[in-house]
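For reference, my_file_1.csv is printed below; it contains CSV, C-alpha atoms and all ligand atoms.
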```csv
chain,number,residue,atom,x,y,z
A,1303,MET,CA,-42.1,10.7,4.0
A,1304,LYS,CA,-45.7,10.3,5.2
A,1305,ILE,CA,-47.9,7.2,4.7
A,1306,VAL,CA,-51.6,7.0,5.4
A,1307,PHE,CA,-52.2,3.4,6.4
A,1308,PHE,CA,-55.8,2.3,5.6
A,1309,GLY,CA,-57.8,-0.5,7.2
A,1310,THR,CA,-55.5,-0.7,10.3
A,1311,LYS,CA,-55.9,-3.6,12.6
A,1312,PRO,CA,-54.1,-3.9,16.0
A,1313,TYR,CA,-51.8,-6.6,14.5
A,1314,ASP,CA,-50.8,-4.3,11.6
A,1315,LYS,CA,-49.8,-1.5,14.0
A,1316,LEU,CA,-47.8,-4.0,16.1
A,1317,TRP,CA,-45.5,-4.7,13.2
A,1318,PHE,CA,-45.5,-1.5,11.2
A,1319,GLU,CA,-45.3,1.2,13.9
A,1320,PRO,CA,-41.8,0.3,15.3
A,1321,LEU,CA,-40.3,-0.2,11.8
A,1322,ALA,CA,-41.7,3.1,10.5
A,1323,LYS,CA,-40.3,4.8,13.6
A,1324,GLU,CA,-36.9,3.2,13.0
A,1325,TYR,CA,-36.7,4.6,9.5
A,1326,GLY,CA,-38.2,8.0,10.3
A,1327,ILE,CA,-41.4,7.5,8.3
A,1328,ASP,CA,-44.5,9.3,9.5
A,1329,VAL,CA,-47.5,6.9,9.5
A,1330,ASP,CA,-51.0,7.9,10.0
A,1331,PHE,CA,-53.0,4.7,10.9
A,1332,VAL,CA,-56.7,4.9,10.1
A,1333,GLU,CA,-59.1,2.1,10.7
A,1334,THR,CA,-61.4,2.8,7.7
A,1335,LYS,CA,-60.8,0.9,4.5
A,1336,CYS,CA,-59.6,2.8,1.4
A,1337,ALA,CA,-62.7,3.6,-0.6
A,1338,GLU,CA,-64.2,6.3,-2.8
A,1339,LYS,CA,-65.4,8.2,0.2
A,1340,SER,CA,-62.4,7.7,2.5
A,1341,VAL,CA,-59.6,8.3,0.0
A,1342,VAL,CA,-59.6,12.0,1.0
A,1343,LEU,CA,-57.9,11.0,4.2
A,1344,ALA,CA,-54.7,10.6,2.2
A,1345,LYS,CA,-54.4,14.4,1.8
A,1346,GLY,CA,-50.9,15.4,2.6
A,1347,ALA,CA,-49.5,11.9,2.3
A,1348,ASP,CA,-46.7,10.8,-0.1
A,1349,ALA,CA,-48.2,7.3,-0.2
A,1350,ILE,CA,-51.1,5.1,0.9
A,1351,CYS,CA,-50.8,1.6,2.3
A,1352,VAL,CA,-53.6,-0.8,1.5
A,1353,PHE,CA,-54.5,-4.5,1.8
A,1354,VAL,CA,-56.2,-7.2,-0.3
A,1355,ASN,CA,-59.8,-6.0,-0.2
A,1356,ASP,CA,-59.2,-2.2,-0.6
A,1357,LYS,CA,-60.5,-1.8,-4.2
A,1358,ILE,CA,-58.5,1.0,-5.8
A,1359,THR,CA,-60.5,2.3,-8.8
A,1360,ALA,CA,-59.4,4.6,-11.6
A,1361,GLY,CA,-61.5,7.4,-10.0
A,1362,MET,CA,-59.6,7.0,-6.7
A,1363,ILE,CA,-56.3,7.0,-8.5
A,1364,ASP,CA,-57.2,10.3,-10.1
A,1365,LYS,CA,-58.1,11.8,-6.7
A,1366,LEU,CA,-54.9,10.5,-5.1
A,1367,HIS,CA,-52.9,11.9,-8.0
A,1368,GLU,CA,-54.6,15.3,-7.6
A,1369,MET,CA,-53.8,15.3,-3.9
A,1370,GLY,CA,-50.1,14.7,-4.7
A,1371,VAL,CA,-49.9,11.1,-3.5
A,1372,LYS,CA,-47.1,9.4,-5.4
A,1373,GLY,CA,-47.5,5.8,-4.6
A,1374,ILE,CA,-49.7,2.9,-3.5
A,1375,LEU,CA,-48.0,0.5,-1.1
A,1376,LEU,CA,-49.7,-2.9,-1.2
A,1377,ARG,CA,-49.0,-4.8,2.0
A,1378,CYS,CA,-49.8,-8.1,0.1
A,1379,ALA,CA,-48.7,-10.0,-2.9
A,1380,GLY,CA,-51.8,-9.9,-5.0
A,1381,PHE,CA,-52.7,-6.7,-6.9
A,1382,ASN,CA,-56.0,-7.7,-8.6
A,1383,ASN,CA,-57.7,-5.1,-6.4
A,1384,VAL,CA,-55.9,-2.1,-8.0
A,1385,ASP,CA,-56.7,-0.6,-11.4
A,1386,VAL,CA,-53.0,-0.9,-12.5
A,1387,LYS,CA,-53.7,0.5,-16.0
A,1388,ALA,CA,-55.3,3.6,-14.6
A,1389,ALA,CA,-52.2,4.2,-12.4
A,1390,LYS,CA,-49.8,4.4,-15.4
A,1391,ASP,CA,-47.9,7.7,-15.4
A,1392,LYS,CA,-49.7,8.8,-12.3
A,1393,MET,CA,-48.8,6.5,-9.4
A,1394,VAL,CA,-46.2,4.0,-8.6
A,1395,ILE,CA,-47.6,0.7,-7.3
A,1396,LEU,CA,-45.3,-1.4,-5.1
A,1397,ARG,CA,-46.2,-4.7,-3.5
A,1398,VAL,CA,-44.7,-7.5,-1.3
A,1399,PRO,CA,-44.2,-10.2,-3.9
A,1400,SER,CA,-43.0,-12.8,-1.5
A,1401,TYR,CA,-43.1,-12.8,2.3
A,1402,SER,CA,-43.5,-16.3,3.5
A,1403,PRO,CA,-44.8,-18.8,0.9
A,1404,GLU,CA,-44.6,-21.4,3.6
A,1405,ALA,CA,-47.1,-19.5,5.8
A,1406,VAL,CA,-49.8,-19.9,3.1
A,1407,ALA,CA,-48.8,-23.4,2.0
A,1408,GLU,CA,-48.8,-24.7,5.6
A,1409,TYR,CA,-52.2,-23.1,6.0
A,1410,ALA,CA,-53.5,-24.8,2.8
A,1411,MET,CA,-52.1,-28.1,4.2
A,1412,ALA,CA,-53.9,-27.4,7.5
A,1413,MET,CA,-57.2,-26.9,5.7
A,1414,LEU,CA,-56.7,-30.1,3.8
A,1415,LEU,CA,-55.9,-32.1,6.9
A,1416,THR,CA,-58.9,-30.5,8.8
A,1417,VAL,CA,-61.6,-31.1,6.2
A,1418,ASN,CA,-60.3,-34.6,5.5
A,1419,ARG,CA,-59.9,-35.7,9.1
A,1420,LYS,CA,-62.8,-33.5,10.3
A,1421,THR,CA,-60.9,-32.1,13.3
A,1422,HIS,CA,-63.1,-28.9,13.1
A,1423,ARG,CA,-66.1,-31.1,13.9
A,1424,ALA,CA,-64.4,-33.3,16.5
A,1425,TYR,CA,-63.3,-30.1,18.4
A,1426,THR,CA,-66.9,-28.9,18.8
A,1427,ARG,CA,-68.2,-32.4,19.6
A,1428,THR,CA,-65.7,-33.1,22.4
A,1429,ARG,CA,-66.3,-29.7,24.0
A,1430,ASP,CA,-70.0,-30.7,24.3
A,1431,PHE,CA,-68.8,-34.1,25.6
A,1432,ASN,CA,-70.1,-35.8,22.5
A,1433,MET,CA,-67.4,-38.5,22.1
A,1434,SER,CA,-69.0,-40.3,19.1
A,1435,ILE,CA,-66.8,-40.6,16.1
A,1436,GLN,CA,-69.6,-41.5,13.8
A,1437,GLY,CA,-69.4,-39.4,10.6
A,1438,LEU,CA,-65.8,-38.3,11.2
A,1439,MET,CA,-64.1,-40.9,9.0
A,1440,GLY,CA,-61.4,-39.4,6.7
A,1441,THR,CA,-59.2,-40.9,4.0
A,1442,ASN,CA,-55.4,-41.6,3.9
A,1443,LEU,CA,-53.5,-39.0,1.9
A,1444,HIS,CA,-50.6,-41.4,1.4
A,1445,GLY,CA,-50.7,-42.5,-2.2
A,1446,LYS,CA,-53.4,-40.1,-3.3
A,1447,CYS,CA,-53.0,-37.8,-6.2
A,1448,ALA,CA,-52.8,-34.0,-5.5
A,1449,GLY,CA,-53.2,-31.5,-8.3
A,1450,VAL,CA,-51.4,-28.2,-7.8
A,1451,ILE,CA,-52.7,-25.3,-10.0
A,1452,GLY,CA,-50.0,-22.7,-10.1
A,1453,THR,CA,-46.4,-23.7,-9.3
A,1454,GLY,CA,-45.0,-20.3,-8.1
A,1455,LYS,CA,-43.6,-19.7,-4.6
A,1456,ILE,CA,-46.6,-21.0,-2.6
A,1457,GLY,CA,-47.4,-23.8,-5.0
A,1458,GLN,CA,-43.8,-25.1,-4.7
A,1459,ALA,CA,-43.9,-24.9,-0.9
A,1460,MET,CA,-47.2,-26.9,-1.1
A,1461,ILE,CA,-45.6,-29.5,-3.4
A,1462,ARG,CA,-42.8,-30.0,-0.9
A,1463,MET,CA,-45.3,-30.7,1.8
A,1464,LEU,CA,-47.5,-32.9,-0.3
A,1465,LYS,CA,-44.4,-35.0,-1.2
A,1466,GLY,CA,-43.8,-35.4,2.5
A,1467,PHE,CA,-47.2,-37.1,2.7
A,1468,SER,CA,-46.1,-39.5,0.0
A,1469,MET,CA,-48.7,-38.2,-2.5
A,1470,ASP,CA,-48.4,-38.4,-6.3
A,1471,ILE,CA,-48.4,-34.8,-7.6
A,1472,LEU,CA,-49.7,-33.4,-10.9
A,1473,ALA,CA,-49.2,-29.7,-11.6
A,1474,TYR,CA,-50.6,-27.2,-14.1
A,1475,ASP,CA,-49.0,-23.8,-14.8
A,1476,PRO,CA,-48.9,-22.0,-18.2
A,1477,TYR,CA,-45.3,-21.2,-17.3
A,1478,PRO,CA,-43.9,-24.6,-16.1
A,1479,ASN,CA,-40.8,-24.5,-14.0
A,1480,GLU,CA,-38.3,-26.9,-15.5
A,1481,ASN,CA,-36.3,-27.1,-12.3
A,1482,LEU,CA,-39.2,-28.6,-10.5
A,1483,ASP,CA,-39.4,-32.3,-9.9
A,1484,VAL,CA,-43.1,-32.6,-10.7
A,1485,THR,CA,-45.3,-33.9,-13.5
A,1486,TYR,CA,-46.9,-31.1,-15.5
A,1487,VAL,CA,-50.1,-31.9,-17.3
A,1488,THR,CA,-52.9,-30.0,-18.9
A,1489,LEU,CA,-55.5,-28.3,-16.6
A,1490,GLU,CA,-58.1,-30.8,-17.8
A,1491,GLU,CA,-55.9,-33.8,-17.0
A,1492,LEU,CA,-55.1,-32.5,-13.6
A,1493,ILE,CA,-58.8,-31.8,-12.9
A,1494,LYS,CA,-59.8,-35.3,-14.0
A,1495,LYS,CA,-57.1,-37.2,-12.2
A,1496,SER,CA,-56.7,-35.5,-8.8
A,1497,ASP,CA,-58.1,-36.6,-5.5
A,1498,ILE,CA,-57.1,-33.2,-4.1
A,1499,ILE,CA,-57.1,-29.9,-6.0
A,1500,THR,CA,-55.3,-27.0,-4.5
A,1501,LEU,CA,-55.3,-23.5,-6.0
A,1502,HIS,CA,-52.1,-21.4,-6.0
A,1503,CYS,CA,-52.4,-19.2,-9.1
A,1504,PRO,CA,-53.2,-15.5,-9.1
A,1505,LEU,CA,-56.6,-14.0,-10.0
A,1506,THR,CA,-56.5,-12.8,-13.6
A,1507,GLU,CA,-59.0,-12.5,-16.4
A,1508,GLU,CA,-57.9,-16.0,-17.4
A,1509,THR,CA,-58.2,-17.6,-14.0
A,1510,LYS,CA,-61.5,-16.0,-12.9
A,1511,HIS,CA,-64.0,-18.8,-12.3
A,1512,LEU,CA,-61.4,-21.5,-13.2
A,1513,ILE,CA,-63.5,-23.8,-11.0
A,1514,ASN,CA,-67.0,-23.7,-12.5
A,1515,ARG,CA,-69.8,-26.0,-13.3
A,1516,GLU,CA,-68.0,-27.5,-16.3
A,1517,THR,CA,-64.6,-28.1,-14.6
A,1518,ILE,CA,-66.4,-29.4,-11.5
A,1519,SER,CA,-68.2,-32.0,-13.7
A,1520,LEU,CA,-64.8,-33.3,-14.8
A,1521,MET,CA,-63.6,-33.8,-11.3
A,1522,LYS,CA,-63.4,-37.2,-9.6
A,1523,ASP,CA,-66.2,-37.9,-7.1
A,1524,ASN,CA,-65.2,-37.2,-3.5
A,1525,VAL,CA,-62.6,-34.7,-4.5
A,1526,TYR,CA,-61.1,-32.2,-2.0
A,1527,LEU,CA,-60.8,-28.6,-3.1
A,1528,ILE,CA,-58.6,-26.1,-1.3
A,1529,ASN,CA,-58.5,-22.4,-2.1
A,1530,THR,CA,-56.0,-20.2,-0.3
A,1531,SER,CA,-55.5,-18.0,-3.4
A,1532,ARG,CA,-58.3,-15.7,-4.4
A,1533,GLY,CA,-62.0,-16.2,-4.0
A,1534,ALA,CA,-63.0,-15.5,-7.6
A,1535,LEU,CA,-61.0,-18.5,-8.9
A,1536,ILE,CA,-64.2,-20.4,-7.9
A,1537,GLU,CA,-67.7,-19.7,-9.2
A,1538,SER,CA,-69.4,-20.1,-5.8
A,1539,ASN,CA,-72.9,-21.1,-7.1
A,1540,SER,CA,-71.3,-24.0,-9.0
A,1541,LEU,CA,-69.4,-25.0,-5.9
A,1542,ILE,CA,-72.7,-25.1,-3.9
A,1543,GLU,CA,-74.3,-27.1,-6.7
A,1544,GLY,CA,-71.4,-29.6,-6.6
A,1545,LEU,CA,-71.6,-29.8,-2.8
A,1546,LEU,CA,-75.3,-30.5,-3.0
A,1547,ASN,CA,-74.6,-33.2,-5.6
A,1548,LYS,CA,-72.1,-34.7,-3.1
A,1549,LYS,CA,-69.3,-34.3,-5.6
A,1550,PHE,CA,-66.9,-33.0,-3.0
A,1551,ALA,CA,-65.5,-34.9,0.0
A,1552,GLY,CA,-64.6,-31.5,1.4
A,1553,ALA,CA,-63.6,-27.9,0.6
A,1554,GLY,CA,-61.3,-25.6,2.4
A,1555,LEU,CA,-61.9,-22.0,1.5
A,1556,ASP,CA,-59.6,-19.3,3.0
A,1557,VAL,CA,-60.9,-16.8,0.4
A,1558,TYR,CA,-64.3,-16.0,-1.0
A,1559,GLU,CA,-65.3,-14.0,-4.1
A,1560,GLU,CA,-67.4,-11.5,-2.2
A,1561,GLU,CA,-65.2,-11.4,0.9
A,1562,ALA,CA,-64.6,-7.6,0.8
A,1563,GLY,CA,-66.3,-5.9,3.8
A,1564,VAL,CA,-67.0,-9.2,5.5
A,1565,PHE,CA,-63.6,-11.0,6.0
A,1566,PHE,CA,-61.3,-9.4,8.6
A,1567,GLU,CA,-64.4,-7.9,10.4
A,1568,ASP,CA,-66.5,-9.0,13.4
A,1569,ARG,CA,-70.0,-9.2,11.9
A,1570,SER,CA,-71.3,-11.6,14.6
A,1571,ASP,CA,-74.1,-9.2,15.6
A,1572,ASP,CA,-75.2,-8.6,12.0
A,1573,ILE,CA,-77.8,-10.3,9.8
A,1574,ILE,CA,-76.0,-12.1,7.0
A,1575,THR,CA,-77.2,-10.8,3.7
A,1576,ASP,CA,-74.9,-12.8,1.5
A,1577,GLU,CA,-77.0,-15.8,0.8
A,1578,ILE,CA,-74.1,-17.7,-0.9
A,1579,LEU,CA,-71.7,-17.3,1.9
A,1580,ALA,CA,-74.5,-18.2,4.4
A,1581,ARG,CA,-75.2,-21.3,2.4
A,1582,LEU,CA,-71.5,-22.3,2.2
A,1583,THR,CA,-71.2,-22.1,6.0
A,1584,THR,CA,-73.9,-24.7,6.4
A,1585,PHE,CA,-72.1,-27.6,4.8
A,1586,PRO,CA,-70.4,-29.8,7.4
A,1587,ASN,CA,-67.6,-30.6,4.9
A,1588,VAL,CA,-66.8,-27.0,4.1
A,1589,LEU,CA,-64.3,-25.1,6.2
A,1590,ILE,CA,-64.3,-21.3,5.6
A,1591,THR,CA,-61.7,-19.0,7.2
A,1592,SER,CA,-61.2,-15.3,6.9
A,1593,HIS,CA,-58.3,-14.9,4.5
A,1594,MET,CA,-55.7,-15.8,7.1
A,1595,GLY,CA,-53.3,-18.0,5.2
A,1596,PHE,CA,-50.6,-15.4,5.4
A,1597,PHE,CA,-51.1,-14.7,9.1
A,1598,THR,CA,-47.9,-15.9,10.9
A,1599,SER,CA,-45.5,-13.7,12.9
A,1600,GLU,CA,-42.7,-14.4,10.4
A,1601,ALA,CA,-44.9,-13.3,7.5
A,1602,MET,CA,-46.2,-10.2,9.2
A,1603,GLU,CA,-42.6,-9.2,10.0
A,1604,ALA,CA,-41.5,-9.8,6.4
A,1605,ILE,CA,-44.6,-7.9,5.0
A,1606,ALA,CA,-43.9,-4.9,7.3
A,1607,ARG,CA,-40.1,-4.8,6.4
A,1608,CYS,CA,-40.7,-5.1,2.6
A,1609,THR,CA,-43.4,-2.5,2.7
A,1610,ILE,CA,-41.2,0.0,4.5
A,1611,GLU,CA,-38.3,-0.8,2.1
A,1612,ASN,CA,-40.7,-0.1,-0.8
A,1613,ALA,CA,-41.7,3.2,0.9
A,1614,LEU,CA,-38.0,4.2,1.1
A,1615,GLU,CA,-37.5,3.5,-2.6
A,1616,LEU,CA,-40.6,5.6,-3.3
A,1617,GLU,CA,-39.1,8.4,-1.3
A,1618,LYS,CA,-35.9,8.3,-3.4
A,1619,GLY,CA,-37.9,8.1,-6.6
A,1620,GLY,CA,-36.7,4.6,-7.6
A,1621,PRO,CA,-35.4,2.3,-8.8
A,1622,TYR,CA,-38.2,0.0,-7.6
A,1623,THR,CA,-37.6,-3.6,-6.7
A,1624,ASN,CA,-41.3,-4.6,-6.4
A,1625,GLU,CA,-43.2,-2.4,-8.9
A,1626,VAL,CA,-46.4,-3.6,-10.4
A,1627,LYS,CA,-46.7,-2.4,-13.9
B,1701,LIG,P1,-46.3,-16.6,-7.7
B,1701,LIG,O1,-46.4,-15.4,-8.6
B,1701,LIG,O2,-45.0,-17.0,-7.1
B,1701,LIG,O3,-47.0,-17.9,-8.4
B,1701,LIG,C1,-48.1,-17.8,-9.2
B,1701,LIG,C2,-48.0,-18.9,-10.2
B,1701,LIG,O4,-49.3,-19.0,-10.9
B,1701,LIG,C3,-46.9,-18.7,-11.3
B,1701,LIG,O5,-46.1,-19.8,-11.4
B,1701,LIG,C4,-47.8,-18.4,-12.5
B,1701,LIG,O6,-47.1,-18.8,-13.7
B,1701,LIG,C5,-49.0,-19.3,-12.2
B,1701,LIG,N1,-50.1,-18.9,-13.1
B,1701,LIG,C6,-50.4,-17.8,-13.8
B,1701,LIG,N2,-51.5,-17.9,-14.5
B,1701,LIG,C7,-51.9,-19.2,-14.3
B,1701,LIG,C8,-53.0,-19.9,-14.8
B,1701,LIG,N3,-53.9,-19.4,-15.7
B,1701,LIG,N4,-53.2,-21.2,-14.4
B,1701,LIG,C9,-52.3,-21.8,-13.5
B,1701,LIG,N5,-51.2,-21.1,-13.0
B,1701,LIG,C10,-51.1,-19.8,-13.4
B,1701,LIG,O7,-47.4,-16.3,-6.5
B,1701,LIG,P2,-47.5,-16.9,-5.1
B,1701,LIG,O8,-46.6,-16.1,-4.1
B,1701,LIG,O9,-47.2,-18.4,-5.2
B,1701,LIG,O10,-49.0,-16.6,-4.7
B,1701,LIG,C11,-50.1,-17.3,-5.4
B,1701,LIG,C12,-51.4,-16.6,-5.0
B,1701,LIG,O11,-51.6,-16.9,-3.6
B,1701,LIG,C13,-51.3,-15.1,-5.1
B,1701,LIG,O12,-51.6,-14.6,-6.4
B,1701,LIG,C14,-52.4,-14.7,-4.1
B,1701,LIG,O13,-53.6,-14.6,-4.8
B,1701,LIG,C15,-52.5,-15.8,-3.1
B,1701,LIG,N6,-52.1,-15.5,-1.7
B,1701,LIG,C16,-53.0,-15.8,-0.7
B,1701,LIG,C17,-52.6,-15.5,0.6
B,1701,LIG,C18,-53.6,-15.8,1.8
B,1701,LIG,O14,-53.4,-15.2,2.8
B,1701,LIG,N7,-54.6,-16.6,1.6
B,1701,LIG,C19,-51.4,-14.9,0.9
B,1701,LIG,C20,-50.5,-14.6,-0.2
B,1701,LIG,C21,-50.9,-14.9,-1.5
```
Show this structure as structure tokens.
Ligand code: NAD
Amino acid sequence: MKIVFFGTKPYDKLWFEPLAKEYGIDVDFVETKCAEKSVVLAKGADAICVFVNDKITAGMIDKLHEMGVKGILLRCAGFNNVDVKAAKDKMVILRVPSYSPEAVAEYAMAMLLTVNRKTHRAYTRTRDFNMSIQGLMGTNLHGKCAGVIGTGKIGQAMIRMLKGFSMDILAYDPYPNENLDVTYVTLEELIKKSDIITLHCPLTEETKHLINRETISLMKDNVYLINTSRGALIESNSLIEGLLNKKFAGAGLDVYEEEAGVFFEDRSDDIITDEILARLTTFPNVLITSHMGFFTSEAMEAIARCTIENALELEKGGPYTNEVK
């Protein structure tokens, strides 16, 4: 079994290399992302392993198929970056559906606490020996209303934490979970009533730009918006407009619609050409991080283990536990 592992970072190698060795899998780690031009590097491999921002198009799937590649191993939960329809009858797509919902939910909570209590700003102030607390006032979370959009694994972990902060919780999910002790409402009601809105649904045609000018106009003033899901759930220009209109008390964004090619990379020497991202970084009440909600040692270990198990199933020709169809 040979896997070409695209977009390798040192932390990927740390977790994947020993496991692959243990199971006798030959892994070729390449730093380049998987793209139209680089896909040829998969020649001779049984599978490729890719991450969230490797866009796998129909054309690339055809090339992979011609080269005899049998599967795409996604080392992530989301699969919106792969043309799943194009892969039908050509390629098996396997993902890691759940590795550590707590890792992402805890990160969403960290973002909320940071933008609310402004610890990101306090940190830089005190390092410069500016001990003024002027402008750093937050709000109690206790007794506030949190709206959770998407009550899957991460949404449920988030709900458990929000309850620990004694918050009232509203939830929206087109497939409500009857076993969950939470009040389900319509998306509109959630948006209108929540002091904090946190996104935990996948990116689909239906959820793309769920947060837009119209939905923002329905929100309470001084709302907090947290997105650790996928960038395109938010229409960025509308968010900027809302920030300029002082609609938001704060926003925590771990993901961004145009993050591919920027997030996960060191671009500190480059001129920023993405005006929207550049603008978003200028707001003192916006915290942007580079898609790192998943990034805990427990989650990395689980991702590596599940991906290797998926590879072994692929080698056997199925049955597949984590197939994306
Ligand atoms: P999940 O499949 O367990 O849950 C997703 C939930 O969203 C489901 O309950 C589903 O019914 C619901 N949903 C579907 N369509 C919806 C809609 N139109 N409106 C509201 N809810 C809808 O997934 P999960 O493991 O909880 O992950 C959620 C998302 O988090 C993933 O899709 C991924 O995009 C993102 N994620 C981000 C990171 C990160 O590092 N920031 C890591 C892992 C996952």
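Computed from the coordinates, the atom C17 of ligand LIG 1701 (chain B) to atom CA of Phe1307 of chain A distance equals 19.8 Å.
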Can you report as lines of an AutoDock Vina configuration file the centre and edge lengths in Å, to one decimal, of an axis-aligned box around the listed atoms of segment 1389-1404 of chain A padded with 4 Å on each side?
```
center_x = -47.6
center_y = -6.3
center_z = -5.9
size_x = 17.2
size_y = 38.2
size_z = 27.0
```
Q. So how many Å separate atom CA of Glu1516 of chain A and atom CA of Thr1500 of chain A, to one decimal?
A. 17.3 Å
Q. Neighbours of Arg1427 of chain A within 12 Å (all atoms listed in the file; same-chain residues fewer than 6 positions away dropped), as a list in words?
A. Lys1420, Thr1421, Met1433, Ser1434, Ile1435, Gln1436, Gly1437 and Leu1438 of chain A
Q) If you count only C-alpha atoms and all ligand atoms, which residues end up within 6 Å of ligand LIG 1701 (chain B), as a PyMOL selection string? A) chain A and resi 1379-1380+1400+1403+1406+1451-1457+1474-1477+1502-1504+1508-1509+1530-1532+1556+1593-1596
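In this model, the gap between atom CA of Glu1404 of chain A and atom CA of Ile1528 of chain A comes to 15.6 Å.
Every polymer residue reaching to within 10 Å of (-74.5, -33.3, -11.6), counting all atoms listed in the file, appears in this list: Arg1515, Glu1516, Ile1518, Ser1519, Glu1543, Gly1544, Leu1545, Leu1546, Asn1547, Lys1548 and Lys1549 of chain A.
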Q: Give as a PyMOL selection string every residue, naming chains and numbers as the document does, that has an atom within 10 Å of (-63.6, -32.4, 12.6), counting all atoms listed in the file.
A: chain A and resi 1415-1427+1435+1437-1440+1586-1587+1589
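Closest to Phe1565 of chain A among A:Ala1551, A:Leu1505, A:Ile1363, A:Ile1590 is A:Ile1590, based on only C-alpha atoms.
For the set A:Ala1534, A:Ile1542, A:Met1369, A:Pro1621, the residue with the smallest atom-to-atom gap to Leu1343 of chain A is A:Met1369, counting all atoms listed in the file.
Proximity ranking of A:Ile1395, A:Ala1553, A:Ile1610, A:Leu1443 relative to Leu1582 of chain A places A:Ala1553 first, based on only C-alpha atoms.
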**Q.** Nearest residue to Leu1376 of chain A from the set A:Phe1585, A:Phe1308, A:Trp1317, A:Phe1467 (distances using all atoms listed in the file)
**A.** A:Phe1308
Q | Distance criterion (all atoms listed in the file): nearest to Leu1520 of chain A out of A:Asn1382, A:Asn1355, A:Thr1485, A:Ser1496 | A | A:Ser1496
